[in-house]
file run-v3.cif (mmCIF, C-alpha atoms)
data_run
loop_
_atom_site.label_atom_id
_atom_site.label_comp_id
_atom_site.auth_asym_id
_atom_site.auth_seq_id
_atom_site.Cartn_x
_atom_site.Cartn_y
_atom_site.Cartn_z
CA MET A 1 30.66 -8.64 -40.19
CA ARG A 2 30.78 -9.92 -36.62
CA ALA A 3 33.60 -11.85 -34.97
CA PRO A 4 33.14 -15.66 -34.92
CA ARG A 5 32.57 -15.68 -31.14
CA ASN A 6 30.07 -12.83 -31.25
CA ARG A 7 26.72 -14.24 -30.05
CA THR A 8 24.64 -11.09 -30.55
CA ILE A 9 21.14 -11.94 -31.76
CA SER A 10 20.49 -10.42 -35.18
CA LEU A 11 17.88 -10.68 -37.92
CA THR A 12 18.13 -11.61 -41.58
CA GLU A 13 15.79 -9.96 -44.05
CA ASP A 14 13.87 -13.23 -44.37
CA GLU A 15 13.47 -13.43 -40.59
CA LYS A 16 12.20 -9.86 -40.45
CA ARG A 17 9.54 -10.62 -43.03
CA GLU A 18 8.47 -13.83 -41.29
CA LEU A 19 8.53 -12.48 -37.73
CA SER A 20 6.72 -9.27 -38.65
CA LEU A 21 3.69 -11.39 -39.53
CA ARG A 22 3.44 -12.46 -35.87
CA LEU A 23 3.23 -8.92 -34.53
CA TYR A 24 -0.03 -7.53 -33.22
CA SER A 25 -1.30 -4.10 -34.22
CA SER A 26 -3.88 -1.82 -32.66
CA ASN A 27 -6.31 -3.05 -35.30
CA ASP A 28 -5.69 -6.68 -34.33
CA ILE A 29 -6.55 -5.91 -30.72
CA SER A 30 -9.67 -3.97 -31.73
CA CYS A 31 -10.90 -6.83 -33.90
CA SER A 32 -10.02 -9.83 -31.72
CA GLY A 33 -9.68 -8.48 -28.20
CA SER A 34 -6.63 -10.72 -27.87
CA PHE A 35 -3.35 -9.32 -26.64
CA LEU A 36 -1.80 -11.72 -24.09
CA ASN A 37 1.41 -13.50 -25.05
CA HIS A 38 1.83 -11.15 -28.00
CA THR A 39 4.24 -8.44 -29.06
CA ILE A 40 2.27 -5.34 -29.97
CA HIS A 41 3.82 -3.13 -32.64
CA ALA A 42 2.20 0.24 -32.02
CA ASP A 43 2.53 3.67 -30.48
CA LEU A 44 1.89 3.34 -26.74
CA LEU A 45 -0.59 6.22 -26.51
CA GLU A 46 -2.54 4.75 -29.42
CA VAL A 47 -2.80 1.23 -28.00
CA LEU A 48 -3.38 1.94 -24.29
CA PRO A 49 -7.10 2.76 -24.69
CA LEU A 50 -7.60 -0.63 -26.37
CA LEU A 51 -6.16 -2.64 -23.46
CA PRO A 52 -8.52 -3.54 -20.59
CA THR A 53 -8.31 -1.77 -17.26
CA GLU A 54 -6.51 -3.62 -14.44
CA PHE A 55 -5.38 -6.64 -16.49
CA ALA A 56 -1.74 -6.79 -15.32
CA ASP A 57 -0.37 -8.31 -12.11
CA LEU A 58 3.03 -6.72 -12.67
CA ILE A 59 4.21 -3.82 -14.82
CA ILE A 60 7.88 -3.24 -15.64
CA ILE A 61 8.69 0.08 -17.32
CA ASP A 62 12.01 0.98 -18.93
CA PRO A 63 11.14 4.28 -20.66
CA PRO A 64 13.46 6.55 -22.64
CA TYR A 65 15.67 8.37 -20.17
CA ASN A 66 16.14 12.12 -20.51
CA LEU A 67 18.97 11.67 -23.00
CA THR A 68 19.23 12.08 -26.73
CA LYS A 69 19.27 8.51 -28.01
CA ASP A 70 18.79 6.83 -31.38
CA PHE A 71 16.57 3.77 -31.06
CA ASN A 72 17.09 2.31 -34.52
CA GLY A 73 15.83 5.44 -36.24
CA ASN A 74 13.39 6.54 -33.55
CA ILE A 75 15.15 9.52 -31.97
CA PHE A 76 14.34 10.51 -28.40
CA SER A 77 15.65 14.01 -27.66
CA ALA A 78 16.81 15.29 -24.30
CA ARG A 79 14.68 18.09 -22.87
CA SER A 80 14.37 20.25 -19.77
CA ASN A 81 13.40 18.60 -16.52
CA ALA A 82 9.94 20.23 -16.63
CA GLU A 83 9.37 19.03 -20.17
CA TYR A 84 10.46 15.51 -19.24
CA ILE A 85 8.05 15.48 -16.29
CA ASN A 86 5.24 16.49 -18.65
CA TYR A 87 6.31 13.71 -21.04
CA VAL A 88 6.08 11.11 -18.26
CA ARG A 89 2.67 12.47 -17.21
CA GLU A 90 1.41 11.85 -20.76
CA TRP A 91 1.58 8.08 -20.39
CA LEU A 92 2.35 6.92 -16.83
CA PRO A 93 -1.15 7.40 -15.29
CA SER A 94 -2.71 5.51 -18.23
CA VAL A 95 -0.20 2.68 -17.82
CA ILE A 96 -0.90 2.48 -14.09
CA ALA A 97 -4.60 2.11 -14.88
CA LYS A 98 -3.77 -1.28 -16.44
CA LEU A 99 -2.43 -2.60 -13.11
CA LYS A 100 -4.59 -4.68 -10.79
CA PRO A 101 -5.34 -3.20 -7.33
CA THR A 102 -3.04 -5.86 -5.85
CA GLY A 103 -0.32 -5.37 -8.44
CA SER A 104 3.22 -3.99 -8.35
CA LEU A 105 5.10 -1.67 -10.70
CA TYR A 106 8.81 -1.14 -11.31
CA LEU A 107 10.04 2.00 -13.09
CA CYS A 108 13.63 2.23 -14.37
CA GLY A 109 15.69 5.41 -14.61
CA ASP A 110 19.19 6.88 -14.47
CA TRP A 111 20.63 9.65 -12.28
CA LYS A 112 19.42 12.42 -14.60
CA CYS A 113 15.75 11.44 -14.83
CA THR A 114 15.17 9.46 -11.64
CA ALA A 115 13.88 12.46 -9.64
CA ALA A 116 11.35 13.27 -12.35
CA LEU A 117 10.20 9.65 -12.49
CA GLN A 118 9.86 9.53 -8.71
CA GLN A 119 7.80 12.72 -8.69
CA VAL A 120 5.26 11.55 -11.27
CA LEU A 121 5.11 8.01 -9.87
CA SER A 122 4.44 9.30 -6.34
CA GLU A 123 1.50 11.31 -7.69
CA ASN A 124 -0.20 8.08 -8.73
CA MET A 125 1.08 5.21 -6.52
CA GLN A 126 2.72 4.43 -3.20
CA ILE A 127 6.48 4.13 -3.63
CA ILE A 128 7.86 1.60 -1.18
CA ASN A 129 11.51 1.30 -2.24
CA ARG A 130 14.23 2.34 -4.63
CA ILE A 131 16.52 -0.34 -6.02
CA THR A 132 19.95 0.80 -7.17
CA TRP A 133 21.87 -1.58 -9.37
CA GLN A 134 25.50 -1.41 -10.39
CA ARG A 135 25.84 -0.87 -14.12
CA GLU A 136 29.50 -1.71 -14.65
CA LYS A 137 29.47 -1.04 -18.40
CA GLY A 138 29.99 2.51 -19.66
CA ARG A 139 32.47 5.15 -20.75
CA GLY A 140 34.62 7.18 -18.43
CA ALA A 141 34.69 10.98 -18.38
CA LEU A 142 37.55 13.46 -17.98
CA HIS A 143 35.55 16.03 -16.00
CA ASN A 144 32.92 13.97 -14.19
CA TRP A 145 32.40 10.68 -12.39
CA LYS A 146 31.70 7.70 -14.60
CA ASN A 147 28.04 6.69 -14.28
CA GLY A 148 28.02 3.19 -12.80
CA MET A 149 24.47 2.83 -11.45
CA GLU A 150 20.78 3.04 -12.30
CA ASP A 151 17.60 3.14 -10.24
CA ILE A 152 14.40 1.10 -10.24
CA TRP A 153 11.44 2.58 -8.33
CA PHE A 154 9.19 -0.03 -6.69
CA ALA A 155 5.56 1.07 -6.21
CA VAL A 156 2.19 -0.48 -5.38
CA LYS A 157 -1.44 0.60 -5.47
CA ASP A 158 -2.31 -0.81 -2.05
CA ILE A 159 0.38 -1.11 0.61
CA ASN A 160 -1.67 -3.80 2.36
CA ARG A 161 -2.45 -6.00 -0.66
CA TYR A 162 0.59 -6.58 -2.86
CA TYR A 163 2.47 -9.81 -3.52
CA PHE A 164 6.16 -10.18 -2.68
CA ASN A 165 8.01 -13.51 -2.57
CA VAL A 166 11.38 -12.90 -0.95
CA ASP A 167 12.28 -16.60 -0.96
CA ALA A 168 12.25 -16.57 -4.77
CA VAL A 169 14.98 -13.93 -5.01
CA LYS A 170 17.56 -14.92 -2.42
CA VAL A 171 21.20 -14.46 -3.36
CA ARG A 172 23.98 -17.07 -3.18
CA ARG A 173 27.09 -15.31 -1.87
CA GLN A 174 30.61 -16.44 -1.21
CA VAL A 175 31.66 -16.42 2.44
CA ILE A 176 35.03 -14.70 2.82
CA ALA A 177 35.40 -14.89 6.62
CA PRO A 178 33.53 -18.02 7.81
CA TYR A 179 32.03 -17.86 11.30
CA ARG A 180 31.62 -21.10 13.24
CA VAL A 181 29.78 -22.13 16.39
CA GLN A 182 31.26 -25.18 18.14
CA GLY A 183 33.21 -25.88 14.97
CA GLN A 184 30.16 -25.91 12.70
CA PRO A 185 29.31 -23.36 9.99
CA LYS A 186 26.99 -20.60 11.23
CA ASP A 187 24.44 -19.57 8.55
CA TRP A 188 26.62 -20.75 5.69
CA GLU A 189 27.40 -23.95 3.79
CA GLU A 190 30.82 -25.54 3.41
CA THR A 191 31.39 -27.25 0.04
CA GLU A 192 34.39 -28.64 -1.83
CA SER A 193 34.16 -25.72 -4.24
CA GLY A 194 33.88 -22.96 -1.65
CA ASN A 195 31.88 -21.54 1.23
CA PHE A 196 28.49 -20.02 0.43
CA ARG A 197 25.60 -18.30 2.19
CA THR A 198 22.08 -17.86 0.83
CA THR A 199 20.99 -14.38 1.92
CA TYR A 200 18.02 -12.06 1.72
CA PRO A 201 18.29 -9.54 -1.13
CA SER A 202 18.87 -5.86 -0.45
CA ASN A 203 17.91 -2.86 -2.58
CA PHE A 204 21.49 -2.55 -3.88
CA TRP A 205 22.33 -5.05 -6.61
CA ASP A 206 25.98 -5.55 -7.50
CA ASP A 207 25.63 -8.92 -9.22
CA ILE A 208 24.27 -7.82 -12.62
CA SER A 209 26.18 -8.10 -15.90
CA ILE A 210 25.12 -5.83 -18.78
CA PRO A 211 24.57 -7.89 -21.96
CA PHE A 212 27.60 -7.79 -24.24
CA TRP A 213 28.70 -9.45 -27.49
CA SER A 214 29.62 -12.87 -26.05
CA MET A 215 26.36 -13.33 -24.12
CA PRO A 216 23.57 -15.25 -25.90
CA GLU A 217 20.90 -12.76 -24.77
CA ASN A 218 22.66 -9.76 -26.33
CA THR A 219 21.04 -7.68 -29.09
CA ASP A 220 21.93 -4.40 -30.79
CA HIS A 221 19.36 -2.48 -28.73
CA PRO A 222 21.31 0.39 -27.10
CA THR A 223 19.70 0.18 -23.65
CA GLN A 224 18.88 -3.52 -23.28
CA LYS A 225 18.26 -4.64 -19.69
CA PRO A 226 19.82 -7.92 -18.48
CA GLU A 227 17.57 -10.96 -18.18
CA LYS A 228 18.90 -11.57 -14.67
CA LEU A 229 17.75 -8.12 -13.53
CA ILE A 230 14.25 -8.56 -14.96
CA ALA A 231 14.03 -12.10 -13.52
CA LYS A 232 14.47 -10.71 -10.00
CA LEU A 233 11.54 -8.34 -10.46
CA ILE A 234 9.29 -11.00 -11.97
CA LEU A 235 10.06 -13.68 -9.40
CA ALA A 236 9.63 -11.31 -6.46
CA SER A 237 6.40 -9.66 -7.57
CA SER A 238 4.40 -12.21 -9.57
CA LYS A 239 3.26 -15.82 -9.50
CA GLU A 240 3.30 -18.42 -12.24
CA GLY A 241 0.46 -17.69 -14.64
CA ASP A 242 0.32 -13.97 -13.74
CA VAL A 243 0.36 -11.30 -16.45
CA VAL A 244 3.49 -9.15 -16.86
CA PHE A 245 3.12 -5.97 -18.95
CA ASP A 246 5.94 -3.89 -20.45
CA PRO A 247 4.83 -0.71 -22.28
CA PHE A 248 8.34 0.02 -23.63
CA LEU A 249 9.34 -3.50 -24.63
CA GLY A 250 12.46 -2.76 -26.67
CA SER A 251 14.09 -5.99 -27.82
CA GLY A 252 11.79 -8.08 -25.64
CA THR A 253 13.64 -8.89 -22.42
CA THR A 254 10.61 -8.61 -20.13
CA SER A 255 8.43 -10.84 -22.31
CA VAL A 256 11.22 -13.37 -22.79
CA VAL A 257 11.95 -13.67 -19.07
CA ALA A 258 8.25 -13.84 -18.25
CA LYS A 259 7.89 -16.73 -20.68
CA LYS A 260 10.92 -18.54 -19.24
CA LEU A 261 9.43 -18.18 -15.76
CA ARG A 262 5.96 -19.42 -16.79
CA ARG A 263 4.20 -16.07 -16.68
CA ARG A 264 1.93 -14.62 -19.34
CA TYR A 265 3.14 -11.44 -20.98
CA CYS A 266 2.25 -8.44 -23.08
CA GLY A 267 4.63 -5.86 -24.52
CA VAL A 268 4.26 -2.72 -26.63
CA GLU A 269 7.07 -1.44 -28.85
CA ILE A 270 6.98 1.24 -31.53
CA ASN A 271 10.03 0.04 -33.52
CA GLU A 272 9.26 -2.89 -35.83
CA GLU A 273 12.79 -4.31 -35.87
CA TYR A 274 12.93 -4.45 -32.07
CA CYS A 275 9.52 -6.16 -32.12
CA CYS A 276 10.94 -8.78 -34.49
CA LEU A 277 13.95 -9.26 -32.22
CA ALA A 278 11.55 -9.84 -29.33
CA GLU A 279 9.69 -12.47 -31.35
CA LYS A 280 12.93 -14.21 -32.28
CA ARG A 281 14.02 -14.30 -28.64
CA LEU A 282 10.60 -15.62 -27.59
CA GLU A 283 10.99 -18.41 -30.13
CA MET A 284 14.47 -19.19 -28.80
CA ALA A 285 12.98 -19.43 -25.29
CA ASN A 286 10.99 -22.47 -26.43
CA THR A 287 14.19 -24.52 -26.29
CA ASP A 288 16.46 -22.47 -23.99
CA THR A 289 14.95 -21.36 -20.68
CA THR A 290 18.23 -20.57 -18.91
CA ILE A 291 18.78 -17.21 -17.22
CA GLN A 292 22.40 -16.23 -16.71
CA GLY A 293 23.27 -16.18 -13.01
CA TYR A 294 20.07 -17.90 -11.85
CA THR A 295 20.41 -21.60 -11.01
CA ASN A 296 18.82 -24.01 -8.53
CA GLY A 297 16.31 -21.38 -7.43
CA VAL A 298 18.85 -18.79 -6.29
CA PHE A 299 20.73 -15.87 -7.82
CA TRP A 300 24.50 -16.20 -7.77
CA GLU A 301 27.04 -13.42 -7.40
CA ARG A 302 28.71 -12.43 -10.64
CA ASN A 303 31.28 -15.04 -11.79
CA THR A 304 30.84 -17.34 -8.77
CA LEU A 305 28.65 -19.93 -10.51
CA ASN A 306 31.20 -20.48 -13.27
CA LYS A 307 33.91 -20.68 -10.62
CA GLN A 308 32.02 -23.38 -8.75
CA THR A 309 31.51 -25.36 -11.96
CA ALA A 310 35.22 -25.13 -12.79
CA GLU A 311 36.31 -26.21 -9.33
CA VAL A 312 34.18 -29.36 -9.05
CA PRO A 313 37.02 -31.84 -8.49
CA SER A 314 35.89 -35.03 -10.19
CA HIS A 315 33.98 -36.30 -13.21
CA LYS A 316 31.29 -37.68 -10.90
CA LYS A 317 30.78 -34.37 -9.15
CA ARG A 318 30.70 -32.50 -12.47
CA LYS A 319 27.96 -34.86 -13.56
CA GLU A 320 26.06 -34.32 -10.30
CA PHE A 321 26.38 -30.56 -10.70
CA ALA A 322 25.10 -30.75 -14.28
CA ILE A 323 22.09 -32.79 -13.17
CA ALA A 324 21.33 -30.30 -10.38
CA THR A 325 21.64 -27.41 -12.81
CA ALA A 326 19.34 -29.10 -15.28
CA THR A 327 16.54 -29.12 -12.71
CA THR A 328 16.17 -25.39 -13.27
CA GLN A 329 15.26 -25.83 -16.96
CA LEU A 330 11.61 -24.89 -17.21
CA THR A 331 8.93 -26.57 -19.31
CA LEU A 332 6.95 -23.83 -21.04
CA PHE A 333 3.17 -23.83 -21.04
#
call {"tool": "encode", "arguments": {"input": "run-v3.cif", "output": "structure tokens"}}
result
Amino acid sequence: MRAPRNRTISLTEDEKRELSLRLYSSNDISCSGSFLNHTIHADLLEVLPLLPTEFADLIIIDPPYNLTKDFNGNIFSARSNAEYINYVREWLPSVIAKLKPTGSLYLCGDWKCTAALQQVLSENMQIINRITWQREKGRGALHNWKNGMEDIWFAVKDINRYYFNVDAVKVRRQVIAPYRVQGQPKDWEETESGNFRTTYPSNFWDDISIPFWSMPENTDHPTQKPEKLIAKLILASSKEGDVVFDPFLGSGTTSVVAKKLRRRYCGVEINEEYCCLAEKRLEMANTDTTIQGYTNGVFWERNTLNKQTAEVPSHKKRKEFAIATATTQLTLF
């Protein structure tokens, strides 16, 4: 039983039966050739040969880290660094083959496996940055530092021909010490609910909230990535109508965010229940296209958007703010 305020997305037995009928298998792809805007329930190594070469504009990979983890009955066991490198070499080059020559790839990892991921990725692509994002959720340790960060490696096939839209991922930050020139704000905006600056994003992200029980995007997947995090990658490195591919889809975050942002998508996941969760979330995205922390075309610092909403001083301004916020609701194709 869950608490009344718990908003975690779950599945009934009836939903599992119904949603499982929507899943694509390797056989479905072989017979129809269709795979876009579908959740593929299959082993990655089995399905990769069936997908066309260079079909994806953007690939986002969140593989099992080098930790022993139970993914709803599918156990991934920790191994030596050399063994983990060999594991990554089994699938990463084949995944990269699905990326267009002008495409971009993002590869997620934690402190323990990030060096191995970097090594194999650099053998196949040009790494142009490492994003580190603050992961504030986690357990402390008596004899070590609490792990509060993860990495995302950013790589391209051709350093001269990749797409990057920095204007789509600017961050709305509060201004603590306002600087003025002749009494006027310098590179910031003064509002009744606070002072804000829209800035260029760096490769350190401290504005991400891990999904938890009161967030409507939360599932029981043990390593679910936040929609806000994935939205930054998709908006920066793809255009509307582009194809976003996730070979370790999990509970569907990449596909869901791609759909909300008017991209096409394709995801592969070996666990049937996670596939069904992805399909349920994709269905929910038909009526709810919001992304927590992303409003009016900018990403807001953690908690500042709610603060601005709460501090709007009058009924009229609350209405104006609601109208402005509603302009970010996307009509799905």
call {"tool": "resolve_selection", "arguments": {"input": "run-v3.cif", "expression": "the PyMOL selection byres ((chain A and resi 254-265) around 6)", "output": "JSON, numbers by chain"}}
result
{"A": [36, 37, 240, 241, 242, 243, 244, 245, 252, 253, 266, 282, 289]}
call {"tool": "residues_near_point", "arguments": {"input": "run-v3.cif", "point": "(-2.5, -1.6, -1.2)", "cutoff": "12 Å", "atoms": "all atoms listed in the file", "output": "PyMOL selection string"}}
result
chain A and resi 99-104+125-128+155-163
call {"tool": "resolve_selection", "arguments": {"input": "run-v3.cif", "expression": "the PyMOL selection byres ((chain A and resi 229) around 10)", "output": "list in words"}}
result
Trp133, Trp205, Asp207, Ile208, Ser209, Ile210, Lys225, Pro226, Glu227, Lys228, Ile230, Ala231, Lys232, Leu233, Ile234, Thr253, Thr254, Val257, Ile291, Gln292 and Gly293 of chain A
call {"tool": "resolve_selection", "arguments": {"input": "run-v3.cif", "expression": "the PyMOL selection byres ((chain A and resi 8) around 8)", "output": "list in words"}}
result
Asn6, Arg7, Ile9, Ser10, Phe212, Trp213, Ser214, Met215, Pro216, Glu217, Asn218, Thr219 and Asp220 of chain A
call {"tool": "write_last_selection", "arguments": {"input": "run-v3.cif", "atoms": "C-alpha atoms", "output": "PDB file, in the frame of the given file"}}
result
ATOM      1  CA  ASN A   6      30.070 -12.830 -31.250  1.00  0.00           C
ATOM      2  CA  ARG A   7      26.720 -14.240 -30.050  1.00  0.00           C
ATOM      3  CA  ILE A   9      21.140 -11.940 -31.760  1.00  0.00           C
ATOM      4  CA  SER A  10      20.490 -10.420 -35.180  1.00  0.00           C
ATOM      5  CA  PHE A 212      27.600  -7.790 -24.240  1.00  0.00           C
ATOM      6  CA  TRP A 213      28.700  -9.450 -27.490  1.00  0.00           C
ATOM      7  CA  SER A 214      29.620 -12.870 -26.050  1.00  0.00           C
ATOM      8  CA  MET A 215      26.360 -13.330 -24.120  1.00  0.00           C
ATOM      9  CA  PRO A 216      23.570 -15.250 -25.900  1.00  0.00           C
ATOM     10  CA  GLU A 217      20.900 -12.760 -24.770  1.00  0.00           C
ATOM     11  CA  ASN A 218      22.660  -9.760 -26.330  1.00  0.00           C
ATOM     12  CA  THR A 219      21.040  -7.680 -29.090  1.00  0.00           C
ATOM     13  CA  ASP A 220      21.930  -4.400 -30.790  1.00  0.00           C
TER      14      ASP A 220
END
call {"tool": "atom_distance", "arguments": {"input": "run-v3.cif", "atom1": "CA of Tyr24 in chain A", "atom2": "CA of His38 in chain A"}}
result
6.6 Å
call {"tool": "axis_aligned_box", "arguments": {"input": "run-v3.cif", "around": "range 160-170 of chain A", "padding_each_side": "8 Å", "output": "JSON"}}
result
{"center_x": 7.6, "center_y": -10.2, "center_z": -1.3, "size_x": 36.0, "size_y": 28.8, "size_z": 23.4}
call {"tool": "closest_residue", "arguments": {"input": "run-v3.cif", "among": "A:Val298, A:Ile96, A:Met1, A:Cys108", "to": "Val171 in chain A", "atoms": "all atoms listed in the file"}}
result
A:Val298
call {"tool": "atom_distance", "arguments": {"input": "run-v3.cif", "atom1": "CA of Pro64 in chain A", "atom2": "CA of Val169 in chain A"}}
result
27.1 Å
call {"tool": "atom_distance", "arguments": {"input": "run-v3.cif", "atom1": "CA of Thr223 in chain A", "atom2": "CA of Asp110 in chain A"}}
result
11.4 Å
call {"tool": "residues_around", "arguments": {"input": "run-v3.cif", "residues": "Asp167 in chain A", "least_positions_apart": "3", "cutoff": "10 Å", "atoms": "all atoms listed in the file", "output": "list in words"}}
result
Phe164, Lys170, Val171, Thr199, Tyr200, Pro201, Leu235, Ala236, Gly297 and Val298 of chain A
call {"tool": "write_last_selection", "arguments": {"input": "run-v3.cif", "atoms": "C-alpha atoms", "output": "PDB file, keeping the file's coordinate frame"}}
result
ATOM      1  CA  PHE A 164       6.160 -10.180  -2.680  1.00  0.00           C
ATOM      2  CA  LYS A 170      17.560 -14.920  -2.420  1.00  0.00           C
ATOM      3  CA  VAL A 171      21.200 -14.460  -3.360  1.00  0.00           C
ATOM      4  CA  THR A 199      20.990 -14.380   1.920  1.00  0.00           C
ATOM      5  CA  TYR A 200      18.020 -12.060   1.720  1.00  0.00           C
ATOM      6  CA  PRO A 201      18.290  -9.540  -1.130  1.00  0.00           C
ATOM      7  CA  LEU A 235      10.060 -13.680  -9.400  1.00  0.00           C
ATOM      8  CA  ALA A 236       9.630 -11.310  -6.460  1.00  0.00           C
ATOM      9  CA  GLY A 297      16.310 -21.380  -7.430  1.00  0.00           C
ATOM     10  CA  VAL A 298      18.850 -18.790  -6.290  1.00  0.00           C
TER      11      VAL A 298
END
call {"tool": "residues_around", "arguments": {"input": "run-v3.cif", "residues": "Asn81 in chain A", "least_positions_apart": "6", "cutoff": "9 Å", "atoms": "all atoms listed in the file", "output": "number ranges by chain"}}
result
A: 66, 112-113, 116
call {"tool": "write_last_selection", "arguments": {"input": "run-v3.cif", "atoms": "C-alpha atoms", "output": "PDB file, keeping the file's coordinate frame"}}
result
ATOM      1  CA  ASN A  66      16.140  12.120 -20.510  1.00  0.00           C
ATOM      2  CA  LYS A 112      19.420  12.420 -14.600  1.00  0.00           C
ATOM      3  CA  CYS A 113      15.750  11.440 -14.830  1.00  0.00           C
ATOM      4  CA  ALA A 116      11.350  13.270 -12.350  1.00  0.00           C
TER       5      ALA A 116
END
call {"tool": "residues_near_point", "arguments": {"input": "run-v3.cif", "point": "(8.4, 13.5, -14.3)", "cutoff": "6 Å", "atoms": "all atoms listed in the file", "output": "PyMOL selection string"}}
result
chain A and resi 84-85+88+116-117+119-120
call {"tool": "write_last_selection", "arguments": {"input": "run-v3.cif", "atoms": "C-alpha atoms", "output": "PDB file, in the frame of the given file"}}
result
ATOM      1  CA  TYR A  84      10.460  15.510 -19.240  1.00  0.00           C
ATOM      2  CA  ILE A  85       8.050  15.480 -16.290  1.00  0.00           C
ATOM      3  CA  VAL A  88       6.080  11.110 -18.260  1.00  0.00           C
ATOM      4  CA  ALA A 116      11.350  13.270 -12.350  1.00  0.00           C
ATOM      5  CA  LEU A 117      10.200   9.650 -12.490  1.00  0.00           C
ATOM      6  CA  GLN A 119       7.800  12.720  -8.690  1.00  0.00           C
ATOM      7  CA  VAL A 120       5.260  11.550 -11.270  1.00  0.00           C
TER       8      VAL A 120
END
call {"tool": "residues_around", "arguments": {"input": "run-v3.cif", "residues": "Trp188 in chain A", "least_positions_apart": "6", "cutoff": "7 Å", "atoms": "only C-alpha atoms", "output": "PyMOL selection string"}}
result
chain A and resi 195-197
call {"tool": "closest_residue", "arguments": {"input": "run-v3.cif", "among": "A:Lys280, A:Lys69, A:Lys239, A:Arg130", "to": "Leu107 in chain A", "atoms": "only C-alpha atoms"}}
result
A:Arg130
call {"tool": "closest_residue", "arguments": {"input": "run-v3.cif", "among": "A:Leu105, A:Met149, A:Val175, A:Ile270", "to": "Ala56 in chain A", "atoms": "only C-alpha atoms"}}
result
A:Leu105
call {"tool": "residues_around", "arguments": {"input": "run-v3.cif", "residues": "Tyr106 in chain A", "least_positions_apart": "4", "cutoff": "6 Å", "atoms": "only C-alpha atoms", "output": "CSV table (one decimal) with C-alpha atoms, in the coordinates of the input"}}
result
chain,number,residue,atom,x,y,z
A,60,ILE,CA,7.9,-3.2,-15.6
A,153,TRP,CA,11.4,2.6,-8.3
A,154,PHE,CA,9.2,0.0,-6.7
call {"tool": "decode", "arguments": {"input": "run-v3.cif", "residues": "range 69-101 of chain A", "atoms": "C-alpha atoms", "output": "CSV table (one decimal), in the first residue's frame"}}
result
chain,number,residue,atom,x,y,z
A,69,LYS,CA,21.8,-4.0,-9.0
A,70,ASP,CA,18.4,-5.8,-9.3
A,71,PHE,CA,16.4,-4.4,-12.2
A,72,ASN,CA,13.0,-6.0,-11.4
A,73,GLY,CA,14.5,-9.5,-11.5
A,74,ASN,CA,17.2,-8.8,-14.1
A,75,ILE,CA,20.4,-8.9,-12.0
A,76,PHE,CA,23.5,-7.0,-13.2
A,77,SER,CA,26.5,-8.0,-11.2
A,78,ALA,CA,29.6,-5.9,-10.4
A,79,ARG,CA,32.8,-7.0,-12.1
A,80,SER,CA,36.4,-6.0,-12.4
A,81,ASN,CA,37.2,-2.9,-14.4
A,82,ALA,CA,38.7,-4.9,-17.2
A,83,GLU,CA,35.6,-7.1,-17.4
A,84,TYR,CA,33.3,-4.0,-17.4
A,85,ILE,CA,35.3,-2.5,-20.2
A,86,ASN,CA,34.9,-5.7,-22.2
A,87,TYR,CA,31.1,-5.6,-21.4
A,88,VAL,CA,30.8,-2.0,-22.8
A,89,ARG,CA,32.8,-3.0,-25.9
A,90,GLU,CA,30.2,-5.7,-26.6
A,91,TRP,CA,27.5,-3.2,-27.4
A,92,LEU,CA,28.8,0.4,-27.6
A,93,PRO,CA,30.3,0.2,-31.1
A,94,SER,CA,27.1,-1.4,-32.5
A,95,VAL,CA,25.0,1.3,-30.9
A,96,ILE,CA,27.2,4.1,-32.3
A,97,ALA,CA,26.7,2.6,-35.8
A,98,LYS,CA,23.1,3.6,-35.5
A,99,LEU,CA,24.0,7.3,-35.1
A,100,LYS,CA,24.0,9.7,-38.1
A,101,PRO,CA,27.4,11.2,-39.1
